[in-house]
$ cat work-v9.cif   # mmCIF, C-alpha atoms
data_target
#
loop_
_atom_site.label_atom_id
_atom_site.label_comp_id
_atom_site.auth_asym_id
_atom_site.auth_seq_id
_atom_site.Cartn_x
_atom_site.Cartn_y
_atom_site.Cartn_z
CA MET A 1 -0.90 72.17 80.74
CA ARG A 2 0.97 75.27 79.60
CA ALA A 3 0.90 76.65 83.16
CA LEU A 4 2.35 73.38 84.45
CA LYS A 5 5.13 73.57 81.85
CA PHE A 6 5.93 77.18 82.77
CA GLY A 7 5.84 76.29 86.47
CA GLY A 8 8.27 73.44 85.92
CA ILE A 9 10.64 75.70 84.01
CA ALA A 10 10.48 78.37 86.76
CA LEU A 11 11.17 75.80 89.46
CA SER A 12 14.06 74.26 87.51
CA VAL A 13 15.66 77.63 86.73
CA GLY A 14 15.37 78.57 90.43
CA LEU A 15 16.87 75.25 91.53
CA VAL A 16 19.83 75.55 89.15
CA MET A 17 20.56 79.20 89.94
CA GLY A 18 20.02 78.76 93.70
CA GLY A 19 22.14 75.62 93.68
CA ALA A 20 25.03 77.40 91.95
CA VAL A 21 24.89 80.37 94.33
CA GLY A 22 24.53 78.09 97.39
CA TRP A 23 27.43 75.90 96.27
CA HIS A 24 29.67 78.92 95.79
CA LEU A 25 28.71 80.56 99.10
CA GLY A 26 28.82 77.29 101.08
CA GLY A 27 32.27 76.51 99.71
CA THR A 28 33.54 80.04 100.32
CA VAL A 29 32.26 80.23 103.92
CA SER A 30 33.44 76.71 104.73
CA GLY A 31 36.85 77.46 103.17
CA GLY A 32 37.12 80.64 105.25
CA GLN A 33 36.30 78.73 108.41
CA SER A 34 38.92 76.11 107.54
CA THR A 35 41.53 78.81 107.00
CA LEU A 36 40.67 80.44 110.35
CA ARG A 37 40.97 77.10 112.13
CA GLU A 38 44.25 76.32 110.37
CA MET A 39 45.71 79.68 111.37
CA SER A 40 44.44 79.34 114.96
CA ALA A 41 45.78 75.80 115.36
CA ALA A 42 49.19 76.73 113.91
CA ALA A 43 49.45 79.90 116.00
CA GLY A 44 48.18 78.18 119.15
CA TYR A 45 50.46 75.18 118.97
CA GLY A 46 53.43 77.28 117.85
CA GLN A 47 53.05 79.95 120.56
CA LEU A 48 52.58 77.38 123.33
CA ALA A 49 55.65 75.48 122.11
CA VAL A 50 57.68 78.71 122.11
CA LEU A 51 56.42 79.49 125.63
CA GLN A 52 57.53 76.03 126.76
CA ASP A 53 60.91 76.58 125.10
CA GLU A 54 61.35 79.86 126.98
CA GLN A 55 60.02 78.77 130.38
CA ALA A 56 60.45 75.01 130.78
CA ASP A 57 63.50 72.85 131.38
CA THR A 58 65.47 71.52 128.42
CA GLU A 59 63.67 68.18 128.20
CA HIS A 60 60.18 69.75 128.17
CA ALA A 61 61.34 72.45 125.74
CA ARG A 62 62.76 69.80 123.40
CA GLN A 63 59.52 67.76 123.56
CA ALA A 64 57.34 70.81 122.84
CA LEU A 65 59.42 72.01 119.88
CA LEU A 66 59.70 68.53 118.39
CA ALA A 67 55.95 68.04 118.83
CA PHE A 68 55.34 71.30 116.96
CA THR A 69 57.47 70.16 114.00
CA ASN A 70 55.48 66.88 113.85
CA PHE A 71 52.19 68.76 114.19
CA SER A 72 53.24 71.14 111.43
CA ARG A 73 54.18 68.22 109.14
CA SER A 74 50.71 66.74 109.57
CA MET A 75 49.08 70.13 109.18
CA ARG A 76 50.71 70.67 105.81
CA ARG A 77 48.49 67.87 104.47
CA LEU A 78 45.41 69.96 105.15
CA HIS A 79 44.04 71.69 102.08
CA SER A 80 43.78 75.01 103.94
CA ALA A 81 47.48 74.84 104.88
CA GLN A 82 48.62 74.68 101.25
CA GLY A 83 50.66 77.79 100.64
CA ASP A 84 50.76 78.82 104.32
CA GLN A 85 54.24 80.34 104.29
CA ALA A 86 54.00 81.43 107.95
CA LEU A 87 53.66 77.80 109.03
CA LEU A 88 56.82 76.90 107.09
CA ILE A 89 58.75 79.83 108.56
CA ASP A 90 57.66 78.85 112.10
CA THR A 91 58.63 75.24 111.45
CA GLY A 92 62.03 76.19 110.00
CA ARG A 93 62.77 78.43 112.97
CA THR A 94 61.68 75.67 115.37
CA TYR A 95 64.19 73.29 113.76
CA LEU A 96 66.90 75.93 114.30
CA GLN A 97 65.85 76.23 117.93
CA LEU A 98 66.04 72.44 118.26
CA ALA A 99 69.48 72.50 116.62
CA ALA A 100 70.60 75.03 119.25
CA ILE A 101 69.24 72.89 122.10
CA GLU A 102 71.12 69.85 120.78
CA GLU A 103 74.30 71.85 120.27
CA LEU A 104 74.11 73.06 123.86
CA ALA A 105 73.69 69.40 124.89
CA ASP A 106 76.74 68.45 122.73
CA ASN A 107 74.59 66.30 120.42
CA ASN A 108 76.32 67.70 117.34
CA SER A 109 75.11 65.17 114.76
CA LEU A 110 71.48 65.64 115.83
CA SER A 111 71.99 69.39 115.77
CA HIS A 112 73.30 69.14 112.20
CA GLN A 113 70.31 67.01 111.23
CA TYR A 114 67.94 69.71 112.52
CA VAL A 115 69.81 72.35 110.51
CA LEU A 116 69.28 70.21 107.40
CA ASP A 117 65.59 69.83 108.33
CA ALA A 118 65.33 73.62 108.64
CA GLN A 119 66.99 74.05 105.26
CA GLN A 120 64.57 71.56 103.72
CA THR A 121 61.59 73.38 105.25
CA PHE A 122 62.73 76.75 103.91
CA LEU A 123 63.28 75.10 100.54
CA PHE A 124 59.57 74.12 100.48
CA MET A 125 58.74 77.81 100.36
CA GLY A 126 61.26 78.44 97.63
CA ARG A 127 64.06 79.88 99.77
CA ASN A 128 67.36 78.08 99.36
CA ILE A 129 69.30 79.25 102.41
CA PRO A 130 72.93 78.01 102.53
CA GLU A 131 73.76 75.69 105.40
CA GLN A 132 76.46 78.09 106.66
CA ASP A 133 73.87 80.86 107.12
CA LEU A 134 71.65 78.54 109.12
CA ASP A 135 74.66 77.41 111.20
CA GLN A 136 75.34 81.07 111.98
CA GLN A 137 71.75 81.55 113.16
CA VAL A 138 72.07 78.49 115.39
CA ALA A 139 75.34 79.87 116.76
CA LYS A 140 73.54 83.14 117.63
CA ILE A 141 70.78 81.28 119.48
CA VAL A 142 73.39 79.22 121.34
CA ALA A 143 75.36 82.36 122.26
CA SER A 144 72.27 84.14 123.59
CA ALA A 145 71.28 81.03 125.60
CA ARG A 146 74.76 80.93 127.15
CA LEU A 147 74.55 84.56 128.25
CA PRO A 148 73.66 84.91 131.94
CA SER A 149 70.01 85.99 132.25
CA PRO A 150 69.54 89.55 133.64
CA PRO A 151 68.48 89.82 137.28
CA SER A 152 64.70 90.19 137.53
CA MET B 1 -27.44 114.37 60.61
CA LEU B 2 -26.74 115.30 64.18
CA SER B 3 -28.59 112.25 65.54
CA VAL B 4 -26.57 109.91 63.25
CA GLN B 5 -23.33 111.42 64.56
CA ARG B 6 -24.50 110.92 68.18
CA LEU B 7 -25.42 107.28 67.43
CA LEU B 8 -21.99 106.60 65.93
CA ALA B 9 -20.24 108.23 68.89
CA SER B 10 -22.30 106.20 71.33
CA ARG B 11 -21.41 102.89 69.57
CA LYS B 12 -17.73 103.80 69.47
CA HIS B 13 -17.79 104.40 73.21
CA GLU B 14 -19.44 101.06 73.93
CA GLY B 15 -16.86 99.26 71.76
CA GLY B 16 -13.95 100.98 73.59
CA THR B 17 -15.30 99.89 77.00
CA ALA B 18 -15.56 96.25 75.88
CA GLN B 19 -12.03 96.37 74.45
CA GLY B 20 -10.74 97.86 77.75
CA LYS B 21 -12.38 95.06 79.71
CA VAL B 22 -10.71 92.48 77.49
CA CYS B 23 -7.29 94.20 77.99
CA GLN B 24 -7.80 94.33 81.76
CA SER B 25 -8.60 90.63 82.03
CA GLU B 26 -5.60 89.83 79.79
CA ALA B 27 -3.33 91.93 82.03
CA LYS B 28 -4.65 90.12 85.12
CA ARG B 29 -3.96 86.77 83.48
CA VAL B 30 -0.39 87.76 82.58
CA PHE B 31 0.15 89.17 86.08
CA LYS B 32 -1.03 85.90 87.65
CA LYS B 33 1.32 83.94 85.39
CA VAL B 34 4.29 86.18 86.24
CA ALA B 35 3.48 85.95 89.96
CA LEU B 36 3.25 82.14 89.77
CA PHE B 37 6.48 81.98 87.76
CA THR B 38 8.26 84.23 90.28
CA LEU B 39 6.93 82.28 93.24
CA LEU B 40 8.01 78.95 91.79
CA PHE B 41 11.38 80.43 90.84
CA LEU B 42 11.88 81.66 94.41
CA VAL B 43 10.86 78.29 95.87
CA GLY B 44 13.32 76.58 93.52
CA ALA B 45 16.05 79.09 94.37
CA ALA B 46 15.51 78.59 98.11
CA ILE B 47 15.63 74.80 97.86
CA GLY B 48 18.56 74.96 95.42
CA SER B 49 20.62 77.35 97.52
CA GLY B 50 20.06 75.28 100.66
CA ALA B 51 21.09 72.10 98.90
CA GLY B 52 23.97 73.87 97.13
CA TRP B 53 25.22 75.30 100.44
CA GLU B 54 25.22 71.85 102.04
CA LEU B 55 26.96 70.27 99.06
CA GLY B 56 29.50 73.10 98.76
CA SER B 57 30.33 72.90 102.49
CA SER B 58 30.59 69.11 102.37
CA PHE B 59 32.83 69.26 99.31
CA GLU B 60 35.10 71.82 100.98
CA SER B 61 35.23 69.78 104.18
CA ALA B 62 36.01 66.57 102.26
CA ARG B 63 38.76 68.40 100.35
CA GLU B 64 40.19 69.74 103.63
CA PHE B 65 40.39 66.40 105.44
CA HIS B 66 40.60 63.83 102.60
CA ALA B 67 44.19 62.90 103.47
CA PHE B 68 43.33 61.86 107.04
CA ARG B 69 41.92 58.35 107.25
CA THR B 70 43.90 56.19 109.68
CA ALA B 71 43.31 56.16 113.45
CA GLU B 72 46.58 58.05 113.97
CA GLU B 73 45.60 60.70 111.45
CA LYS B 74 42.17 61.05 113.04
CA ALA B 75 43.86 61.50 116.42
CA PHE B 76 45.87 64.33 114.85
CA LEU B 77 42.62 65.93 113.64
CA ARG B 78 41.19 65.82 117.17
CA THR B 79 44.35 67.51 118.49
CA TYR B 80 44.15 70.03 115.66
CA GLU B 81 40.50 70.88 116.38
CA SER B 82 41.11 71.10 120.14
CA ILE B 83 44.12 73.42 119.83
CA ALA B 84 42.32 75.61 117.26
CA SER B 85 39.24 75.98 119.52
CA LEU B 86 41.40 76.63 122.57
CA TRP B 87 43.38 79.31 120.77
CA ILE B 88 40.31 81.10 119.42
CA VAL B 89 38.80 81.27 122.93
CA ASN B 90 42.18 82.28 124.38
CA MET B 91 42.50 85.20 121.94
CA GLY B 92 38.98 86.33 122.82
CA SER B 93 39.62 86.24 126.56
CA ALA B 94 43.04 87.95 126.27
CA THR B 95 41.37 90.74 124.29
CA ARG B 96 38.72 91.19 126.99
CA LEU B 97 41.33 91.21 129.76
CA GLN B 98 42.96 94.18 128.04
CA ASP B 99 39.63 96.01 127.65
CA PRO B 100 38.80 98.19 130.70
CA LYS B 101 35.05 98.07 129.99
CA TYR B 102 34.92 94.41 131.14
CA GLY B 103 34.53 93.99 134.92
CA PRO B 104 35.70 91.00 136.99
CA GLU B 105 32.48 89.08 136.25
CA GLY B 106 32.90 89.32 132.48
CA ARG B 107 36.58 88.44 132.68
CA ARG B 108 35.86 85.41 134.87
CA GLU B 109 33.27 84.21 132.35
CA TYR B 110 35.67 84.41 129.41
CA LEU B 111 38.49 82.75 131.35
CA ASN B 112 36.13 79.96 132.35
CA LEU B 113 35.42 79.46 128.64
CA VAL B 114 39.16 78.84 128.15
CA LEU B 115 39.14 76.34 131.01
CA ASP B 116 36.11 74.59 129.46
CA ALA B 117 37.85 74.42 126.06
CA ALA B 118 41.01 73.07 127.73
CA GLN B 119 39.00 70.48 129.64
CA LYS B 120 37.25 69.39 126.44
CA GLY B 121 40.64 69.25 124.68
CA ARG B 122 42.00 67.00 127.40
CA THR B 123 39.28 64.44 126.67
CA GLN B 124 39.98 64.54 122.90
CA VAL B 125 43.78 64.64 122.74
CA VAL B 126 45.99 61.57 123.27
CA ASP B 127 49.39 63.01 122.30
CA PRO B 128 51.34 63.63 125.58
CA ALA B 129 53.20 66.67 124.17
CA ALA B 130 49.92 68.31 123.12
CA LEU B 131 48.41 67.48 126.51
CA THR B 132 51.34 69.26 128.19
CA LEU B 133 50.69 72.33 126.01
CA ILE B 134 47.01 72.27 127.02
CA ASP B 135 48.22 72.15 130.65
CA VAL B 136 50.41 75.20 129.98
CA GLU B 137 47.43 77.10 128.58
CA THR B 138 45.38 76.01 131.62
CA GLY B 139 48.15 77.18 133.96
CA VAL B 140 48.34 80.58 132.28
CA THR B 141 44.54 80.88 132.55
CA TYR B 142 44.75 80.09 136.28
CA VAL B 143 47.29 82.93 136.64
CA ARG B 144 44.94 85.28 134.76
CA LEU B 145 42.07 84.26 137.06
CA ALA B 146 44.30 84.85 140.12
CA MET B 147 45.05 88.35 138.81
CA VAL B 148 41.35 89.07 138.16
CA GLU B 149 40.47 87.97 141.71
CA GLU B 150 43.32 89.97 143.18
CA ALA B 151 42.15 93.10 141.35
CA ALA B 152 38.60 92.45 142.65
CA GLY B 153 39.94 92.17 146.23
CA ASN B 154 39.18 88.42 146.57
CA LEU B 155 42.56 87.43 147.97
CA PRO B 156 41.72 83.85 149.11
CA ALA B 157 40.35 83.03 145.63
CA SER B 158 43.38 84.69 144.04
CA GLN B 159 45.77 82.61 146.15
CA SER B 160 43.85 79.44 145.36
CA TRP B 161 44.08 80.05 141.58
CA MET B 162 47.77 80.95 141.86
CA GLN B 163 48.55 77.71 143.74
CA LYS B 164 46.75 75.71 141.06
CA ALA B 165 48.75 77.55 138.39
CA GLN B 166 52.04 76.87 140.15
CA THR B 167 51.24 73.16 140.54
CA ILE B 168 50.30 72.62 136.90
CA LEU B 169 53.16 74.72 135.48
CA LYS B 170 55.68 72.97 137.72
CA GLN B 171 54.42 69.65 136.31
CA ALA B 172 54.84 71.09 132.80
CA GLY B 173 58.54 71.60 133.56
CA TRP B 174 58.62 75.35 134.19
CA LYS B 175 61.87 76.46 135.79
CA ASP B 176 60.51 79.58 137.50
CA TYR B 177 56.95 79.30 138.75
CA SER B 178 57.16 82.04 141.38
CA GLU B 179 54.12 84.33 141.67
CA PRO B 180 55.80 87.54 140.40
CA HIS B 181 57.27 85.73 137.39
CA LEU B 182 53.95 84.10 136.47
CA LYS B 183 52.16 87.47 136.71
CA GLU B 184 54.80 89.03 134.48
CA ILE B 185 54.33 86.25 131.91
CA ALA B 186 50.52 86.54 132.03
CA GLU B 187 50.66 90.29 131.46
CA ALA B 188 53.00 89.84 128.50
CA LEU B 189 50.72 87.13 127.06
CA ASN B 190 47.60 89.31 127.48
CA LYS B 191 49.28 91.93 125.32
CA ARG B 192 50.52 89.37 122.78
CA ASP B 193 47.35 87.27 122.45
CA GLY B 194 44.83 90.12 122.56
CA ILE B 195 43.44 91.36 119.25
#
$ encode --input "work-v9.cif" --output "structure tokens"
Amino acid sequence: MRALKFGGIALSVGLVMGGAVGWHLGGTVSGGQSTLREMSAAAGYGQLAVLQDEQADTEHARQALLAFTNFSRSMRRLHSAQGDQALLIDTGRTYLQLAAIEELADNNSLSHQYVLDAQQTFLFMGRNIPEQDLDQQVAKIVASARLPSPPS
Amino acid sequence: MLSVQRLLASRKHEGGTAQGKVCQSEAKRVFKKVALFTLLFLVGAAIGSGAGWELGSSFESAREFHAFRTAEEKAFLRTYESIASLWIVNMGSATRLQDPKYGPEGRREYLNLVLDAAQKGRTQVVDPAALTLIDVETGVTYVRLAMVEEAAGNLPASQSWMQKAQTILKQAGWKDYSEPHLKEIAEALNKRDGI
């Protein structure tokens, strides 16, 4: 009877301790995997959108960049994306790129809206960048896009 | 007097042996108990850690995706998973393309993994913009395959891959899909995406 009691205690102690260690390790490994996937998805989508912006015609570039901003908005609801500042920087810069595309297409009100979206995105990460500074960045992108491309 | 002393010594010795036997059997009993306790503890720990691992992983997964319930949100998750997988395989293949120890066979294998991931992504993703980006990744992989075949001296295969790349990248809206330009882009991307 005493042996049975001791056996039960040993089993219970093992279960509790093993359970706690397993819970911690399972959560840590799973969390790490989630973070890796979040970083890969953000980098993958972002880089492919940038490649489209550089290589494709205006309409395809616009679609890719806009799709990235929507993708990023959904991604921010993932637990692993909480506090991912790089995602916010990429999104903010994408809005500026979109603002430049619209300015080049003379869609000034839409361009202004994208500048405000960029400002809002940077604000999420605690950086309050004045609208004039963002306008200047858009002007730089527009100026470089207007420059004739060097002969290859 | 001497015989009495011998008798006493002999009795003392017999008593010590009996006491030793009792101690030995007690030690065995304690050892058995400790071994049983340890064994049961280890069994409990193994079962507990397995169950804890499953629960911990499930909890983390539920916490990660709890905000995605509608059909639209689930479609986003499929896009998310597809792009993440594609990018992980892409980084691996770009790294191997930069590494001189991999021959054409190894490079082909890794690039085919990218094509497989892209193909799988195409069946999962419904968003047209994301599908175009998967096409872009596929096109770049075709260019990489063309370059691998060219380096291996398989010119017909190289030309075939390059034509496929040009077709898909033209559809994706690329302004310049000439062979030299695509090779230049692929080389730049190998450097950028490689680890």
$ resolve_selection --input "work-v9.cif" --expression "the PyMOL selection byres ((chain B and resi 140-146) around 8)" --output "list of chain:residue names"
B:Arg108, B:Leu111, B:Val114, B:Leu115, B:Val136, B:Glu137, B:Thr138, B:Gly139, B:Met147, B:Val148, B:Glu149, B:Glu150, B:Ala157, B:Ser158, B:Gln159, B:Ser160, B:Trp161, B:Met162, B:Lys164, B:Ala165, B:Leu182, B:Lys183, B:Ala186
$ closest_atom_pairs --input "work-v9.cif" --of "chain A" --to "chain B" --cutoff "7 Å" --atoms "all atoms listed in the file" --output "tab-separated table"
residue	atom	partner	partner_atom	distance
A:Phe6	CA	B:Phe37	CA	6.9
A:Gly7	CA	B:Phe37	CA	5.9
A:Ala10	CA	B:Phe41	CA	4.7
A:Leu11	CA	B:Gly44	CA	4.7
A:Ser12	CA	B:Gly44	CA	6.5
A:Val13	CA	B:Phe41	CA	6.6
A:Gly14	CA	B:Ala45	CA	4.0
A:Leu15	CA	B:Gly48	CA	4.3
A:Val16	CA	B:Gly48	CA	6.4
A:Met17	CA	B:Ala45	CA	6.3
A:Gly18	CA	B:Ala45	CA	4.0
A:Gly19	CA	B:Gly48	CA	4.0
A:Ala20	CA	B:Gly52	CA	6.4
A:Val21	CA	B:Ser49	CA	6.1
A:Gly22	CA	B:Ser49	CA	4.0
A:Trp23	CA	B:Gly52	CA	4.1
A:His24	CA	B:Gly56	CA	6.5
A:Leu25	CA	B:Trp53	CA	6.5
A:Gly26	CA	B:Trp53	CA	4.2
A:Gly27	CA	B:Gly56	CA	4.5
A:Ser30	CA	B:Ser57	CA	5.4
A:Gly31	CA	B:Glu60	CA	6.3
A:Arg37	CA	B:Ala84	CA	5.5
A:Ser40	CA	B:Ala84	CA	4.9
A:Ala41	CA	B:Ala84	CA	4.0
A:Gly44	CA	B:Trp87	CA	5.2
A:Tyr45	CA	B:Ile83	CA	6.6
A:Leu48	CA	B:Leu133	CA	6.0
A:Gln55	CA	B:Trp174	CA	5.3
A:Ala56	CA	B:Trp174	CA	3.9
A:Asp57	CA	B:Gly173	CA	5.6
A:His60	CA	B:Gly173	CA	5.9
A:Gln63	CA	B:Ala129	CA	6.4
A:Ala64	CA	B:Ala129	CA	6.0
A:Ala67	CA	B:Ala129	CA	6.2
A:Arg77	CA	B:Ala67	CA	6.6
A:Leu78	CA	B:Glu64	CA	5.4
A:His79	CA	B:Glu64	CA	4.6
A:Ser80	CA	B:Glu64	CA	6.4
$ resolve_selection --input "work-v9.cif" --expression "the PyMOL selection byres ((chain A and resi 125) around 12)" --output "ChimeraX atom specification"
/A:82-92,118-124,126-129
$ write_last_selection --input "work-v9.cif" --atoms "C-alpha atoms" --output "tab-separated table (two decimals), in the frame of the given file"
chain	number	residue	atom	x	y	z
A	82	GLN	CA	48.62	74.68	101.25
A	83	GLY	CA	50.66	77.79	100.64
A	84	ASP	CA	50.76	78.82	104.32
A	85	GLN	CA	54.24	80.34	104.29
A	86	ALA	CA	54.00	81.43	107.95
A	87	LEU	CA	53.66	77.80	109.03
A	88	LEU	CA	56.82	76.90	107.09
A	89	ILE	CA	58.75	79.83	108.56
A	90	ASP	CA	57.66	78.85	112.10
A	91	THR	CA	58.63	75.24	111.45
A	92	GLY	CA	62.03	76.19	110.00
A	118	ALA	CA	65.33	73.62	108.64
A	119	GLN	CA	66.99	74.05	105.26
A	120	GLN	CA	64.57	71.56	103.72
A	121	THR	CA	61.59	73.38	105.25
A	122	PHE	CA	62.73	76.75	103.91
A	123	LEU	CA	63.28	75.10	100.54
A	124	PHE	CA	59.57	74.12	100.48
A	126	GLY	CA	61.26	78.44	97.63
A	127	ARG	CA	64.06	79.88	99.77
A	128	ASN	CA	67.36	78.08	99.36
A	129	ILE	CA	69.30	79.25	102.41
$ atom_distance --input "work-v9.cif" --atom1 "CA of Lys140 in chain A" --atom2 "CA of Arg73 in chain A"
25.9 Å
$ resolve_selection --input "work-v9.cif" --expression "the PyMOL selection byres ((chain A and resi 142) around 9)" --output "list in words"
Gln97, Ala100, Ile101, Glu103, Leu104, Gln137, Val138, Ala139, Lys140, Ile141, Ala143, Ser144, Ala145, Arg146 and Leu147 of chain A
$ write_last_selection --input "work-v9.cif" --atoms "C-alpha atoms" --output "PDB file, keeping the file's coordinate frame"
ATOM      1  CA  GLN A  97      65.850  76.230 117.930  1.00  0.00           C
ATOM      2  CA  ALA A 100      70.600  75.030 119.250  1.00  0.00           C
ATOM      3  CA  ILE A 101      69.240  72.890 122.100  1.00  0.00           C
ATOM      4  CA  GLU A 103      74.300  71.850 120.270  1.00  0.00           C
ATOM      5  CA  LEU A 104      74.110  73.060 123.860  1.00  0.00           C
ATOM      6  CA  GLN A 137      71.750  81.550 113.160  1.00  0.00           C
ATOM      7  CA  VAL A 138      72.070  78.490 115.390  1.00  0.00           C
ATOM      8  CA  ALA A 139      75.340  79.870 116.760  1.00  0.00           C
ATOM      9  CA  LYS A 140      73.540  83.140 117.630  1.00  0.00           C
ATOM     10  CA  ILE A 141      70.780  81.280 119.480  1.00  0.00           C
ATOM     11  CA  ALA A 143      75.360  82.360 122.260  1.00  0.00           C
ATOM     12  CA  SER A 144      72.270  84.140 123.590  1.00  0.00           C
ATOM     13  CA  ALA A 145      71.280  81.030 125.600  1.00  0.00           C
ATOM     14  CA  ARG A 146      74.760  80.930 127.150  1.00  0.00           C
ATOM     15  CA  LEU A 147      74.550  84.560 128.250  1.00  0.00           C
TER      16      LEU A 147
END
$ atom_distance --input "work-v9.cif" --atom1 "CA of Ala75 in chain B" --atom2 "CA of Asp117 in chain A"
24.6 Å
$ axis_aligned_box --input "work-v9.cif" --around "range 51-56 of chain B" --padding-each-side "4 Å" --output "AutoDock Vina command-line options"
--center_x 25.3 --center_y 72.8 --center_z 99.6 --size_x 16.4 --size_y 13.0 --size_z 12.9
$ atom_distance --input "work-v9.cif" --atom1 "CA of Gln124 in chain B" --atom2 "CA of Thr94 in chain A"
25.5 Å
$ closest_residue --input "work-v9.cif" --among "B:Arg192, B:Arg69, B:Lys28, B:Lys21" --to "Leu97 in chain B" --atoms "all atoms listed in the file"
B:Arg192
$ residues_near_point --input "work-v9.cif" --point "(71.4, 71.1, 116.3)" --cutoff "9 Å" --atoms "all atoms listed in the file" --output "list in words"
Tyr95, Leu96, Gln97, Leu98, Ala99, Ala100, Ile101, Glu102, Glu103, Leu104, Asp106, Asn107, Asn108, Ser109, Leu110, Ser111, His112, Gln113, Tyr114, Val115, Asp135 and Val138 of chain A
